[in-house]
file start-v4.txt (compact mmCIF, C-alpha atoms (C1' of nucleotides))
# COMPACT_ATOMS: atom_id res chain seq x y z
CA MET F 258 -42.74 -0.58 -7.99
CA ASP F 259 -40.65 2.48 -8.63
CA THR F 260 -37.44 2.67 -10.61
CA VAL F 261 -34.21 3.69 -8.99
CA PRO F 262 -34.12 7.49 -9.02
CA PRO F 263 -31.14 8.93 -10.93
CA ARG F 264 -30.42 11.59 -8.34
CA ARG F 265 -27.09 10.96 -6.63
CA ARG F 266 -27.84 10.71 -2.98
CA ARG F 267 -24.25 10.86 -1.94
CA ALA F 268 -22.80 13.37 -4.37
CA GLY F 269 -21.81 15.79 -1.60
CA ARG F 270 -20.23 13.02 0.35
CA GLU F 271 -18.08 11.97 -2.59
CA GLN F 272 -16.89 15.49 -3.26
CA LEU F 273 -16.06 15.75 0.38
CA LEU F 274 -14.02 12.56 0.38
CA ALA F 275 -12.11 13.50 -2.75
CA ALA F 276 -11.19 16.89 -1.32
CA ALA F 277 -10.16 15.36 1.98
CA LEU F 278 -7.89 12.80 0.37
CA ARG F 279 -6.22 15.44 -1.77
CA LEU F 280 -5.45 17.52 1.30
CA PHE F 281 -4.35 14.52 3.36
CA LEU F 282 -1.86 13.59 0.67
CA ARG F 283 -0.51 17.09 0.32
CA ASP F 284 -0.41 18.32 3.90
CA GLY F 285 -0.89 15.27 6.10
CA ILE F 286 -3.93 14.39 8.14
CA GLN F 287 -3.08 16.40 11.23
CA ALA F 288 -2.45 19.55 9.27
CA THR F 289 -5.74 19.26 7.45
CA SER F 290 -8.50 20.87 9.48
CA LEU F 291 -12.19 20.33 9.00
CA GLN F 292 -12.26 23.94 7.90
CA ASP F 293 -9.81 23.12 5.10
CA ILE F 294 -11.91 20.17 3.95
CA ALA F 295 -15.04 22.28 4.08
CA ASN F 296 -13.48 25.05 1.99
CA ALA F 297 -12.08 22.64 -0.57
CA SER F 298 -15.29 20.67 -0.99
CA GLY F 299 -17.78 23.50 -0.98
CA VAL F 300 -19.55 22.24 2.11
CA THR F 301 -19.58 24.26 5.28
CA LYS F 302 -17.76 23.03 8.31
CA ALA F 303 -20.93 22.18 10.16
CA GLY F 304 -22.20 20.46 7.06
CA LEU F 305 -19.51 17.85 7.49
CA TYR F 306 -21.15 16.81 10.72
CA TYR F 307 -24.29 15.81 8.96
CA HIS F 308 -22.31 13.14 7.14
CA TYR F 309 -19.85 12.16 9.86
CA LYS F 310 -19.75 12.35 13.62
CA THR F 311 -15.99 12.91 13.98
CA LYS F 312 -12.91 13.69 11.98
CA ASP F 313 -11.69 10.16 12.52
CA GLU F 314 -14.77 8.84 10.75
CA ILE F 315 -13.90 10.99 7.76
CA VAL F 316 -10.34 9.72 7.74
CA LEU F 317 -11.40 6.10 7.88
CA ASP F 318 -14.02 6.57 5.18
CA VAL F 319 -11.48 8.30 2.95
CA LEU F 320 -9.22 5.30 3.26
CA LYS F 321 -11.97 2.69 3.07
CA PRO F 322 -11.20 1.79 -0.56
CA LEU F 323 -7.61 1.18 0.45
CA LEU F 324 -8.43 -0.80 3.54
CA ASP F 325 -10.68 -3.02 1.45
CA ALA F 326 -8.27 -3.37 -1.45
CA LEU F 327 -5.27 -4.59 0.52
CA PRO F 328 -6.81 -7.79 1.93
CA ALA F 329 -8.34 -8.47 -1.48
CA VAL F 330 -4.86 -8.54 -3.01
CA THR F 331 -3.66 -11.06 -0.49
CA ARG F 332 -6.72 -13.26 -0.91
CA ARG F 333 -6.23 -13.29 -4.66
CA ALA F 334 -2.58 -14.24 -4.23
CA GLU F 335 -3.36 -17.09 -1.90
CA ALA F 336 -5.29 -18.76 -4.70
CA HIS F 337 -2.11 -19.24 -6.69
CA ARG F 338 -0.22 -22.47 -6.30
CA THR F 339 3.45 -21.60 -6.71
CA HIS F 340 5.30 -19.24 -4.41
CA ALA F 341 6.65 -17.24 -7.35
CA ALA F 342 3.15 -16.65 -8.69
CA GLN F 343 1.93 -15.59 -5.26
CA VAL F 344 4.75 -13.10 -4.90
CA ASP F 345 4.10 -11.56 -8.29
CA GLU F 346 0.39 -11.31 -7.57
CA VAL F 347 0.99 -9.49 -4.28
CA LEU F 348 3.65 -7.19 -5.67
CA GLY F 349 1.52 -6.39 -8.69
CA GLY F 350 -1.50 -5.74 -6.53
CA LEU F 351 0.36 -3.47 -4.14
CA ILE F 352 1.90 -1.56 -7.04
CA GLU F 353 -1.52 -1.14 -8.61
CA ILE F 354 -2.82 0.35 -5.39
CA ALA F 355 0.21 2.57 -4.88
CA LEU F 356 -0.08 3.99 -8.38
CA ASP F 357 -3.73 4.84 -7.86
CA GLU F 358 -3.69 8.26 -6.26
CA ARG F 359 -7.23 7.82 -5.05
CA ALA F 360 -6.20 4.93 -2.87
CA GLY F 361 -4.13 7.07 -0.54
CA PHE F 362 -1.45 4.46 0.00
CA ALA F 363 1.10 7.18 0.72
CA VAL F 364 -1.03 8.45 3.55
CA LEU F 365 -1.30 5.02 5.05
CA VAL F 366 2.40 4.28 5.19
CA ASN F 367 3.62 7.71 6.20
CA ASP F 368 1.15 9.33 8.51
CA PRO F 369 1.74 8.83 12.23
CA TYR F 370 -1.79 9.95 12.98
CA LEU F 371 -3.19 7.17 10.84
CA THR F 372 -0.76 4.62 12.19
CA GLN F 373 -2.08 5.28 15.63
CA LEU F 374 -5.68 5.30 14.46
CA LEU F 375 -5.33 1.92 12.74
CA SER F 376 -3.28 0.28 15.44
CA GLN F 377 -6.43 0.26 17.53
CA GLN F 378 -7.91 -2.33 15.20
CA PRO F 379 -5.70 -5.40 14.90
CA SER F 380 -7.07 -6.36 11.49
CA MET F 381 -4.54 -4.20 9.69
CA ARG F 382 -1.60 -5.69 11.51
CA GLN F 383 -2.99 -9.16 10.95
CA TRP F 384 -3.22 -8.45 7.24
CA TRP F 385 0.37 -7.34 7.07
CA ASP F 386 1.62 -10.34 9.03
CA ASP F 387 -0.15 -12.67 6.64
CA THR F 388 1.02 -10.82 3.57
CA ALA F 389 4.61 -10.59 4.71
CA ALA F 390 4.61 -14.32 5.42
CA LEU F 391 3.29 -14.95 1.94
CA LEU F 392 5.96 -12.79 0.33
CA LEU F 393 8.86 -14.03 2.40
CA GLY F 394 8.07 -17.72 2.26
CA PRO F 395 9.22 -20.19 4.90
CA ASP F 396 12.42 -19.45 6.81
CA PRO F 397 13.37 -16.17 5.10
CA ASP F 398 16.86 -14.73 5.47
CA ASP F 399 17.56 -11.30 6.93
CA GLN F 400 18.37 -9.75 3.59
CA THR F 401 14.96 -10.65 2.19
CA ARG F 402 13.15 -9.35 5.28
CA ILE F 403 14.90 -6.03 4.99
CA GLY F 404 14.39 -5.89 1.25
CA LEU F 405 10.66 -6.30 1.86
CA ALA F 406 10.69 -3.52 4.43
CA MET F 407 12.40 -1.25 1.95
CA PHE F 408 9.93 -2.13 -0.77
CA ILE F 409 6.81 -1.52 1.26
CA ASN F 410 8.12 1.68 2.79
CA GLY F 411 9.59 2.98 -0.44
CA LEU F 412 6.72 2.09 -2.72
CA PRO F 413 4.53 5.13 -2.05
CA GLY F 414 7.41 7.55 -2.43
CA ALA F 415 8.69 5.86 -5.56
CA SER F 416 5.21 5.88 -7.05
CA ARG F 417 5.03 9.63 -6.70
CA ASP F 418 8.60 10.38 -7.70
CA PRO F 419 9.20 12.92 -10.49
CA ALA F 420 10.95 10.20 -12.48
CA MET F 421 7.56 8.55 -12.87
CA ALA F 422 5.94 11.53 -14.55
CA PRO F 423 7.03 10.93 -18.16
CA LEU F 424 6.27 7.20 -18.10
CA ASP F 425 3.11 5.44 -19.17
CA ASP F 426 1.27 3.26 -16.72
CA ARG F 427 2.61 -0.01 -18.04
CA SER F 428 6.23 1.15 -17.65
CA ARG F 429 5.57 2.37 -14.15
CA ARG F 430 4.18 -0.97 -13.13
CA SER F 431 7.02 -2.95 -14.67
CA HIS F 432 9.75 -0.78 -13.15
CA LEU F 433 8.25 -1.00 -9.69
CA LEU F 434 7.78 -4.72 -10.06
CA GLU F 435 11.42 -5.05 -11.00
CA CYS F 436 12.37 -3.17 -7.82
CA GLY F 437 10.35 -5.61 -5.78
CA ARG F 438 11.84 -8.65 -7.48
CA ARG F 439 15.36 -7.38 -6.90
CA LEU F 440 14.76 -6.62 -3.26
CA LEU F 441 13.08 -9.92 -2.49
CA ARG F 442 15.73 -12.09 -4.08
CA PRO F 443 17.45 -14.16 -1.37
CA ALA F 444 21.07 -13.31 -0.64
CA THR F 445 23.44 -15.39 -2.73
CA GLY F 446 26.86 -15.31 -1.11
CA THR F 447 28.10 -13.55 2.05
CA MET N 139 43.47 33.57 30.22
CA ASP N 140 40.75 31.55 31.83
CA THR N 141 40.08 27.89 31.33
CA VAL N 142 36.87 26.66 29.80
CA PRO N 143 34.40 26.33 32.65
CA PRO N 144 33.04 22.81 33.06
CA ARG N 145 29.47 23.94 33.55
CA ARG N 146 27.28 22.95 30.65
CA ARG N 147 25.71 26.13 29.44
CA ARG N 148 23.32 24.38 27.13
CA ALA N 149 22.35 21.33 29.13
CA GLY N 150 18.68 22.34 29.21
CA ARG N 151 18.71 22.98 25.52
CA GLU N 152 20.08 19.55 24.77
CA GLN N 153 17.53 17.79 26.91
CA LEU N 154 14.90 19.79 25.13
CA LEU N 155 16.14 18.80 21.68
CA ALA N 156 16.40 15.14 22.59
CA ALA N 157 12.86 15.08 23.91
CA ALA N 158 11.54 16.93 20.88
CA LEU N 159 13.17 14.54 18.42
CA ARG N 160 11.82 11.54 20.26
CA LEU N 161 8.31 12.92 20.06
CA PHE N 162 8.68 14.01 16.44
CA LEU N 163 9.71 10.50 15.47
CA ARG N 164 6.89 8.87 17.37
CA ASP N 165 3.97 11.19 16.72
CA GLY N 166 5.04 13.48 13.90
CA ILE N 167 5.86 17.14 14.14
CA GLN N 168 2.34 18.50 13.84
CA ALA N 169 1.01 16.25 16.55
CA THR N 170 3.76 17.26 18.96
CA SER N 171 2.75 20.38 20.84
CA LEU N 172 5.08 22.67 22.70
CA GLN N 173 3.29 21.48 25.78
CA ASP N 174 4.31 17.91 24.97
CA ILE N 175 7.92 18.91 24.51
CA ALA N 176 7.84 20.89 27.73
CA ASN N 177 6.42 17.97 29.69
CA ALA N 178 8.89 15.50 28.24
CA SER N 179 11.93 17.68 28.81
CA GLY N 180 11.11 19.02 32.25
CA VAL N 181 11.01 22.62 31.07
CA THR N 182 7.82 24.65 31.20
CA LYS N 183 6.15 25.72 28.02
CA ALA N 184 7.15 29.33 28.44
CA GLY N 185 10.67 28.19 29.20
CA LEU N 186 11.00 26.98 25.65
CA TYR N 187 10.64 30.54 24.52
CA TYR N 188 13.79 31.55 26.27
CA HIS N 189 15.74 29.24 23.96
CA TYR N 190 13.70 29.61 20.78
CA LYS N 191 11.40 32.20 19.33
CA THR N 192 9.10 29.82 17.47
CA LYS N 193 8.27 26.17 17.12
CA ASP N 194 9.83 26.16 13.66
CA GLU N 195 13.15 27.18 15.19
CA ILE N 196 12.98 24.18 17.46
CA VAL N 197 12.20 21.88 14.56
CA LEU N 198 15.10 23.19 12.51
CA ASP N 199 17.51 22.98 15.42
CA VAL N 200 16.43 19.42 16.16
CA LEU N 201 17.26 18.48 12.60
CA LYS N 202 20.42 20.57 12.34
CA PRO N 203 22.74 17.58 12.76
CA LEU N 204 20.95 15.90 9.89
CA LEU N 205 20.92 18.95 7.67
CA ASP N 206 24.66 19.28 8.19
CA ALA N 207 25.44 15.60 7.79
CA LEU N 208 23.78 15.11 4.42
CA PRO N 209 25.89 17.57 2.42
CA ALA N 210 28.99 16.29 4.19
CA VAL N 211 28.31 12.81 2.82
CA THR N 212 28.06 14.11 -0.71
CA ARG N 213 31.22 16.19 -0.38
CA ARG N 214 33.13 13.18 0.87
CA ALA N 215 31.86 11.10 -2.03
CA GLU N 216 32.86 13.67 -4.61
CA ALA N 217 36.47 13.22 -3.56
CA HIS N 218 36.46 9.67 -4.90
CA ARG N 219 37.58 9.06 -8.42
CA THR N 220 35.53 6.14 -9.70
CA HIS N 221 31.78 6.21 -9.99
CA ALA N 222 31.42 2.93 -8.11
CA ALA N 223 33.40 4.29 -5.16
CA GLN N 224 31.29 7.45 -5.13
CA VAL N 225 28.09 5.44 -5.07
CA ASP N 226 29.25 3.27 -2.20
CA GLU N 227 30.36 6.31 -0.23
CA VAL N 228 26.99 8.02 -0.63
CA LEU N 229 24.96 4.88 0.09
CA GLY N 230 27.11 4.09 3.10
CA GLY N 231 26.82 7.64 4.38
CA LEU N 232 23.05 7.76 3.98
CA ILE N 233 22.68 4.39 5.66
CA GLU N 234 24.85 5.56 8.54
CA ILE N 235 22.59 8.57 9.02
CA ALA N 236 19.40 6.55 8.67
CA LEU N 237 20.55 4.07 11.31
CA ASP N 238 21.36 6.84 13.76
CA GLU N 239 18.11 7.50 15.56
CA ARG N 240 19.34 10.85 16.72
CA ALA N 241 19.59 12.10 13.17
CA GLY N 242 15.86 12.02 12.57
CA PHE N 243 16.12 10.92 8.97
CA ALA N 244 12.67 9.34 9.17
CA VAL N 245 11.19 12.68 10.15
CA LEU N 246 12.82 14.37 7.21
CA VAL N 247 11.52 12.02 4.54
CA ASN N 248 8.05 11.47 5.91
CA ASP N 249 6.77 14.61 7.48
CA PRO N 250 4.73 16.94 5.28
CA TYR N 251 5.19 19.75 7.76
CA LEU N 252 8.93 19.54 7.42
CA THR N 253 8.81 19.17 3.67
CA GLN N 254 7.01 22.45 3.49
CA LEU N 255 9.31 24.07 6.00
CA LEU N 256 12.43 23.04 4.09
CA SER N 257 11.08 23.80 0.65
CA GLN N 258 11.38 27.46 1.57
CA GLN N 259 15.15 27.11 1.51
CA PRO N 260 16.40 25.78 -1.84
CA SER N 261 19.62 24.41 -0.36
CA MET N 262 17.99 21.10 0.49
CA ARG N 263 16.64 20.56 -2.97
CA GLN N 264 19.97 21.58 -4.45
CA TRP N 265 21.70 19.01 -2.27
CA TRP N 266 19.38 16.26 -3.44
CA ASP N 267 19.77 17.18 -7.09
CA ASP N 268 23.54 17.00 -6.76
CA THR N 269 23.46 13.76 -4.83
CA ALA N 270 21.00 12.08 -7.18
CA ALA N 271 23.18 13.07 -10.14
CA LEU N 272 26.18 11.57 -8.39
CA LEU N 273 24.38 8.30 -7.69
CA LEU N 274 22.74 7.95 -11.08
CA GLY N 275 25.71 8.87 -13.20
CA PRO N 276 25.38 10.30 -16.70
CA ASP N 277 22.33 9.38 -18.76
CA PRO N 278 20.61 7.06 -16.26
CA ASP N 279 17.80 4.75 -17.34
CA ASP N 280 14.31 4.88 -15.89
CA GLN N 281 14.76 1.71 -13.85
CA THR N 282 17.74 3.19 -12.01
CA ARG N 283 15.93 6.45 -11.31
CA ILE N 284 13.00 4.63 -9.82
CA GLY N 285 15.26 2.29 -7.90
CA LEU N 286 16.90 5.33 -6.32
CA ALA N 287 13.53 6.79 -5.42
CA MET N 288 12.58 3.55 -3.73
CA PHE N 289 15.85 3.42 -1.84
CA ILE N 290 15.72 6.93 -0.48
CA ASN N 291 12.05 6.72 0.42
CA GLY N 292 12.32 3.25 1.86
CA LEU N 293 15.54 3.71 3.80
CA PRO N 294 14.07 5.29 6.93
CA GLY N 295 11.31 2.73 7.19
CA ALA N 296 13.64 -0.17 6.54
CA SER N 297 16.06 1.15 9.15
CA ARG N 298 13.36 1.04 11.78
CA ASP N 299 11.78 -2.22 10.71
CA PRO N 300 11.34 -4.94 13.35
CA ALA N 301 13.53 -7.23 11.23
CA MET N 302 16.46 -4.93 12.14
CA ALA N 303 16.08 -5.41 15.86
CA PRO N 304 18.02 -8.66 16.34
CA LEU N 305 20.89 -7.64 14.05
CA ASP N 306 24.16 -6.02 15.00
CA ASP N 307 25.11 -2.71 13.47
CA ARG N 308 27.48 -4.17 10.93
CA SER N 309 24.83 -6.54 9.56
CA ARG N 310 22.31 -3.73 9.36
CA ARG N 311 24.67 -1.62 7.32
CA SER N 312 25.58 -4.40 4.94
CA HIS N 313 21.99 -5.49 4.32
CA LEU N 314 20.86 -1.95 3.59
CA LEU N 315 23.85 -1.41 1.35
CA GLU N 316 22.93 -4.55 -0.56
CA CYS N 317 19.42 -3.16 -1.05
CA GLY N 318 20.89 0.01 -2.51
CA ARG N 319 23.22 -1.85 -4.82
CA ARG N 320 20.43 -4.02 -6.14
CA LEU N 321 18.12 -1.10 -6.76
CA LEU N 322 20.75 1.03 -8.49
CA ARG N 323 21.92 -1.65 -10.88
CA PRO N 324 21.01 -0.63 -14.45
CA ALA N 325 18.36 -2.69 -16.19
CA THR N 326 19.86 -5.56 -18.14
CA GLY N 327 17.30 -6.70 -20.66
CA THR N 328 13.82 -5.41 -21.59
C1' DG G 64 -30.15 18.18 4.24
C1' DT G 65 -27.57 22.39 4.74
C1' DC G 66 -26.37 26.82 7.00
C1' DT G 67 -25.51 30.35 11.21
C1' DA G 68 -23.96 30.84 15.44
C1' DT G 69 -21.56 29.38 19.17
C1' DA G 70 -19.52 26.50 23.01
C1' DC G 71 -15.35 24.58 24.53
C1' DA G 72 -10.64 22.98 24.48
C1' DA G 73 -5.86 23.24 22.94
C1' DG G 74 -2.01 25.32 20.82
C1' DG G 75 1.32 29.08 19.92
C1' DA G 76 3.12 33.03 21.71
C1' DT G 77 3.97 37.15 25.08
C1' DA G 78 4.47 39.94 29.52
C1' DG G 79 6.36 40.32 33.59
C1' DA G 80 7.62 38.43 38.30
C1' DC G 81 11.43 36.10 40.57
C1' DG P 220 17.45 31.73 33.00
C1' DT P 221 13.12 29.88 34.48
C1' DC P 222 8.25 30.16 36.11
C1' DT P 223 3.09 32.09 36.43
C1' DA P 224 -0.40 34.00 34.22
C1' DT P 225 -2.60 35.38 30.27
C1' DC P 226 -3.89 36.61 25.23
C1' DC P 227 -5.16 35.34 20.78
C1' DT P 228 -6.07 32.09 17.26
C1' DT P 229 -7.49 27.87 15.54
C1' DG P 230 -9.74 23.45 15.87
C1' DT P 231 -13.38 20.10 16.99
C1' DA P 232 -17.91 19.63 17.87
C1' DT P 233 -22.94 20.94 18.95
C1' DA P 234 -27.55 23.44 18.93
C1' DG P 235 -30.97 25.06 16.45
C1' DA P 236 -32.91 27.91 12.49
C1' DC P 237 -34.34 27.31 7.69

call {"tool": "encode", "arguments": {"input": "start-v4.txt", "output": "structure tokens"}}
result
Amino acid sequence: MDTVPPRRRRAGREQLLAAALRLFLRDGIQATSLQDIANASGVTKAGLYYHYKTKDEIVLDVLKPLLDALPAVTRRAEAHRTHAAQVDEVLGGLIEIALDERAGFAVLVNDPYLTQLLSQQPSMRQWWDDTAALLLGPDPDDQTRIGLAMFINGLPGASRDPAMAPLDDRSRRSHLLECGRRLLRPATGT
Amino acid sequence: MDTVPPRRRRAGREQLLAAALRLFLRDGIQATSLQDIANASGVTKAGLYYHYKTKDEIVLDVLKPLLDALPAVTRRAEAHRTHAAQVDEVLGGLIEIALDERAGFAVLVNDPYLTQLLSQQPSMRQWWDDTAALLLGPDPDDQTRIGLAMFINGLPGASRDPAMAPLDDRSRRSHLLECGRRLLRPATGT
DNA sequence: GTCTATACAAGGATAGAC
DNA sequence: GTCTATCCTTGTATAGAC
């Protein structure tokens, strides 16, 4: 019948989400009020409530791309046959996400508010259990476990470190991947 | 003249600080209200204001041990003669601090509120510049810079990872030190 | 769909009694 | 030195006009 109209039905919503993520990254979720988001996005505070019922809904929608992307990485990795290939796929995927500012990976790992918000749904924890098992392989040693913890916790910070600024995207990826490979190597002696 | 009286003049204050740190670590600084601290420490909200004028003063006093300990590590390291010894001293010192829950290292690295609070005083940034220079040595390559960023950002999280729970303190230290050594090794090929 | 106005709760901070 | 009571500001959320 009719063609798809070119008007962007959700333009305001997208502006809103972009502004919110920027503020969440800079100031943290708690410190970002709805007033702040409203000011930064050009919508009024009450206007936010047309799109969302609560602040939590905004937070979850801001991080939706991230929450979808993480399981996708793991699913892709599971298709590989060798353990080494699986590890590289997961590391590469996580690095890709961490380097993408829009994903908000830094918010996810750091923010206590979000940790509590997500802990209510067990899907996130389930994802991490699966992914850690994939990365560590069967019967991992302590050194590897701790190396993984350092990688996942350090990745967001390292991705946003000043040392990254002068590098091109390919170098960033390869350096971060090298960090992951070093940390996940099983202990040799000791 | 008179002996030091055994009464603890600052017992209330210490309870207060311990409770505050516990809450800061669990919920973040922003999410911890003075009411929360009061409830957890047995003091009333107004009672806090006898000891401190503002919430920021409480935050800074909670982290005072940490803010003192970090420069001390660097000073100790500077006394060593070889670069390798300096690196091990700094890594060991940082790990020691990160493993000590009371130090609140996790709060320092993660919390945006604190980042902003500390950025007002340049001493912290100066300390990190000096310490990074010490760890990286002259003319560091990009891989080493990024490895350092991952170590310092990942250290608090790795220190509190579930994989740490079953280990004794000596094992924890040595595993974290191994992570640091791996990350700070200069790139070989590429 | 977006704004104005406002209700309601919570947080930081102060005054003053004890 | 610690508590009670209170003020002011900010934050989330809602009602209703346009």

call {"tool": "calpha_fit_rmsd", "arguments": {"input": "start-v4.txt", "fixed": "chain N", "moving": "chain F"}}
result
0.2 Å

call {"tool": "closest_residue", "arguments": {"input": "start-v4.txt", "among": "F:Leu280, F:Ala390, F:Leu434, F:Leu412", "to": "chain N", "atoms": "all atoms listed in the file"}}
result
F:Leu412

call {"tool": "residues_around", "arguments": {"input": "start-v4.txt", "residues": "Leu321 of chain N", "least_positions_apart": "6", "cutoff": "9 Å", "atoms": "all atoms listed in the file", "output": "ChimeraX atom specification"}}
result
/F:435-436,439-440 /N:281-282,284-286,288-289

call {"tool": "closest_atom_pairs", "arguments": {"input": "start-v4.txt", "of": "chain N", "to": "chain G", "cutoff": "12 Å", "atoms": "only C-alpha atoms (C1' of nucleotides)", "output": "Markdown table"}}
result
| residue | atom | partner | partner_atom | distance |
| --- | --- | --- | --- | --- |
| N:Gln168 | CA | G:DG74 | C1' | 10.7 |
| N:Ala169 | CA | G:DG74 | C1' | 10.5 |
| N:Thr170 | CA | G:DG74 | C1' | 10.1 |
| N:Ser171 | CA | G:DG74 | C1' | 6.9 |
| N:Leu172 | CA | G:DG74 | C1' | 7.8 |
| N:Gln173 | CA | G:DG74 | C1' | 8.2 |
| N:Asp174 | CA | G:DG74 | C1' | 10.6 |
| N:Lys183 | CA | G:DG75 | C1' | 10.0 |
| N:Ala184 | CA | G:DA76 | C1' | 8.7 |
| N:Gly185 | CA | G:DA76 | C1' | 11.7 |
| N:Leu186 | CA | G:DA76 | C1' | 10.7 |
| N:Tyr187 | CA | G:DA76 | C1' | 8.4 |
| N:Tyr188 | CA | G:DT77 | C1' | 11.4 |
| N:Tyr190 | CA | G:DA76 | C1' | 11.2 |
| N:Lys191 | CA | G:DA76 | C1' | 8.7 |
| N:Thr192 | CA | G:DA76 | C1' | 8.0 |
| N:Lys193 | CA | G:DG75 | C1' | 8.0 |
| N:Asp194 | CA | G:DG75 | C1' | 11.0 |

call {"tool": "write_last_selection", "arguments": {"input": "start-v4.txt", "atoms": "C-alpha atoms", "output": "PDB file, in the coordinates of the input"}}
result
ATOM      1  CA  GLN N 168       2.340  18.500  13.840  1.00  0.00           C
ATOM      2  CA  ALA N 169       1.010  16.250  16.550  1.00  0.00           C
ATOM      3  CA  THR N 170       3.760  17.260  18.960  1.00  0.00           C
ATOM      4  CA  SER N 171       2.750  20.380  20.840  1.00  0.00           C
ATOM      5  CA  LEU N 172       5.080  22.670  22.700  1.00  0.00           C
ATOM      6  CA  GLN N 173       3.290  21.480  25.780  1.00  0.00           C
ATOM      7  CA  ASP N 174       4.310  17.910  24.970  1.00  0.00           C
ATOM      8  CA  LYS N 183       6.150  25.720  28.020  1.00  0.00           C
ATOM      9  CA  ALA N 184       7.150  29.330  28.440  1.00  0.00           C
ATOM     10  CA  GLY N 185      10.670  28.190  29.200  1.00  0.00           C
ATOM     11  CA  LEU N 186      11.000  26.980  25.650  1.00  0.00           C
ATOM     12  CA  TYR N 187      10.640  30.540  24.520  1.00  0.00           C
ATOM     13  CA  TYR N 188      13.790  31.550  26.270  1.00  0.00           C
ATOM     14  CA  TYR N 190      13.700  29.610  20.780  1.00  0.00           C
ATOM     15  CA  LYS N 191      11.400  32.200  19.330  1.00  0.00           C
ATOM     16  CA  THR N 192       9.100  29.820  17.470  1.00  0.00           C
ATOM     17  CA  LYS N 193       8.270  26.170  17.120  1.00  0.00           C
ATOM     18  CA  ASP N 194       9.830  26.160  13.660  1.00  0.00           C
TER      19      ASP N 194
END

call {"tool": "interface_residues", "arguments": {"input": "start-v4.txt", "of": "chain F", "to": "chain N", "cutoff": "10 Å", "atoms": "all atoms listed in the file", "output": "ChimeraX atom specification"}}
result
/F:281-288,363-364,366-370,372-373,399-421,423-424,428-429,431-433,435-442,444,447

call {"tool": "interface_residues", "arguments": {"input": "start-v4.txt", "of": "chain P", "to": "chain F", "cutoff": "10 Å", "atoms": "all atoms listed in the file", "output": "PyMOL selection string"}}
result
chain P and resi 229-233

call {"tool": "closest_residue", "arguments": {"input": "start-v4.txt", "among": "N:Ala303, N:Met262, N:Leu246, N:Leu273", "to": "Leu201 of chain N", "atoms": "all atoms listed in the file"}}
result
N:Leu246

call {"tool": "atom_distance", "arguments": {"input": "start-v4.txt", "atom1": "atom CA of Leu351 of chain F", "atom2": "atom CA of Pro328 of chain F"}}
result
10.3 Å

call {"tool": "atom_distance", "arguments": {"input": "start-v4.txt", "atom1": "atom CA of Leu324 of chain F", "atom2": "atom CA of His337 of chain F"}}
result
22.0 Å

call {"tool": "residues_around", "arguments": {"input": "start-v4.txt", "residues": "Ala158 of chain N", "least_positions_apart": "2", "cutoff": "8 Å", "atoms": "only C-alpha atoms (C1' of nucleotides)", "output": "list in words"}}
result
Leu154, Leu155, Ala156, Arg160, Leu161, Phe162, Ile175, Ala178, Ser179 and Val200 of chain N

call {"tool": "write_last_selection", "arguments": {"input": "start-v4.txt", "atoms": "C-alpha atoms", "output": "PDB file, in the coordinates of the input"}}
result
ATOM      1  CA  LEU N 154      14.900  19.790  25.130  1.00  0.00           C
ATOM      2  CA  LEU N 155      16.140  18.800  21.680  1.00  0.00           C
ATOM      3  CA  ALA N 156      16.400  15.140  22.590  1.00  0.00           C
ATOM      4  CA  ARG N 160      11.820  11.540  20.260  1.00  0.00           C
ATOM      5  CA  LEU N 161       8.310  12.920  20.060  1.00  0.00           C
ATOM      6  CA  PHE N 162       8.680  14.010  16.440  1.00  0.00           C
ATOM      7  CA  ILE N 175       7.920  18.910  24.510  1.00  0.00           C
ATOM      8  CA  ALA N 178       8.890  15.500  28.240  1.00  0.00           C
ATOM      9  CA  SER N 179      11.930  17.680  28.810  1.00  0.00           C
ATOM     10  CA  VAL N 200      16.430  19.420  16.160  1.00  0.00           C
TER      11      VAL N 200
END

call {"tool": "atom_distance", "arguments": {"input": "start-v4.txt", "atom1": "atom CA of Ala210 of chain N", "atom2": "atom CA of Pro324 of chain N"}}
result
26.4 Å

call {"tool": "axis_aligned_box", "arguments": {"input": "start-v4.txt", "around": "segment 415-418 of chain F", "padding_each_side": "6 Å", "output": "AutoDock Vina command-line options"}}
result
--center_x 6.9 --center_y 8.1 --center_z -6.6 --size_x 15.7 --size_y 16.5 --size_z 14.1

call {"tool": "closest_residue", "arguments": {"input": "start-v4.txt", "among": "N:Gln264, N:Thr182, N:Thr326, N:Gln153", "to": "DT221 of chain P", "atoms": "all atoms listed in the file"}}
result
N:Thr182

call {"tool": "decode", "arguments": {"input": "start-v4.txt", "residues": "segment 67-78 of chain G", "atoms": "C-alpha atoms (C1' of nucleotides)", "output": "tab-separated table (two decimals), in the first residue's frame"}}
result
chain	number	residue	atom	x	y	z
G	67	DT	C1'	4.35	23.47	32.45
G	68	DA	C1'	3.56	22.77	36.86
G	69	DT	C1'	3.82	20.22	40.75
G	70	DA	C1'	3.74	16.31	44.20
G	71	DC	C1'	6.64	13.65	47.01
G	72	DA	C1'	10.80	11.63	48.87
G	73	DA	C1'	15.69	11.74	50.00
G	74	DG	C1'	20.02	13.86	50.67
G	75	DG	C1'	23.24	17.35	52.53
G	76	DA	C1'	23.78	20.55	55.93
G	77	DT	C1'	22.70	23.64	60.21
G	78	DA	C1'	20.83	25.22	64.87
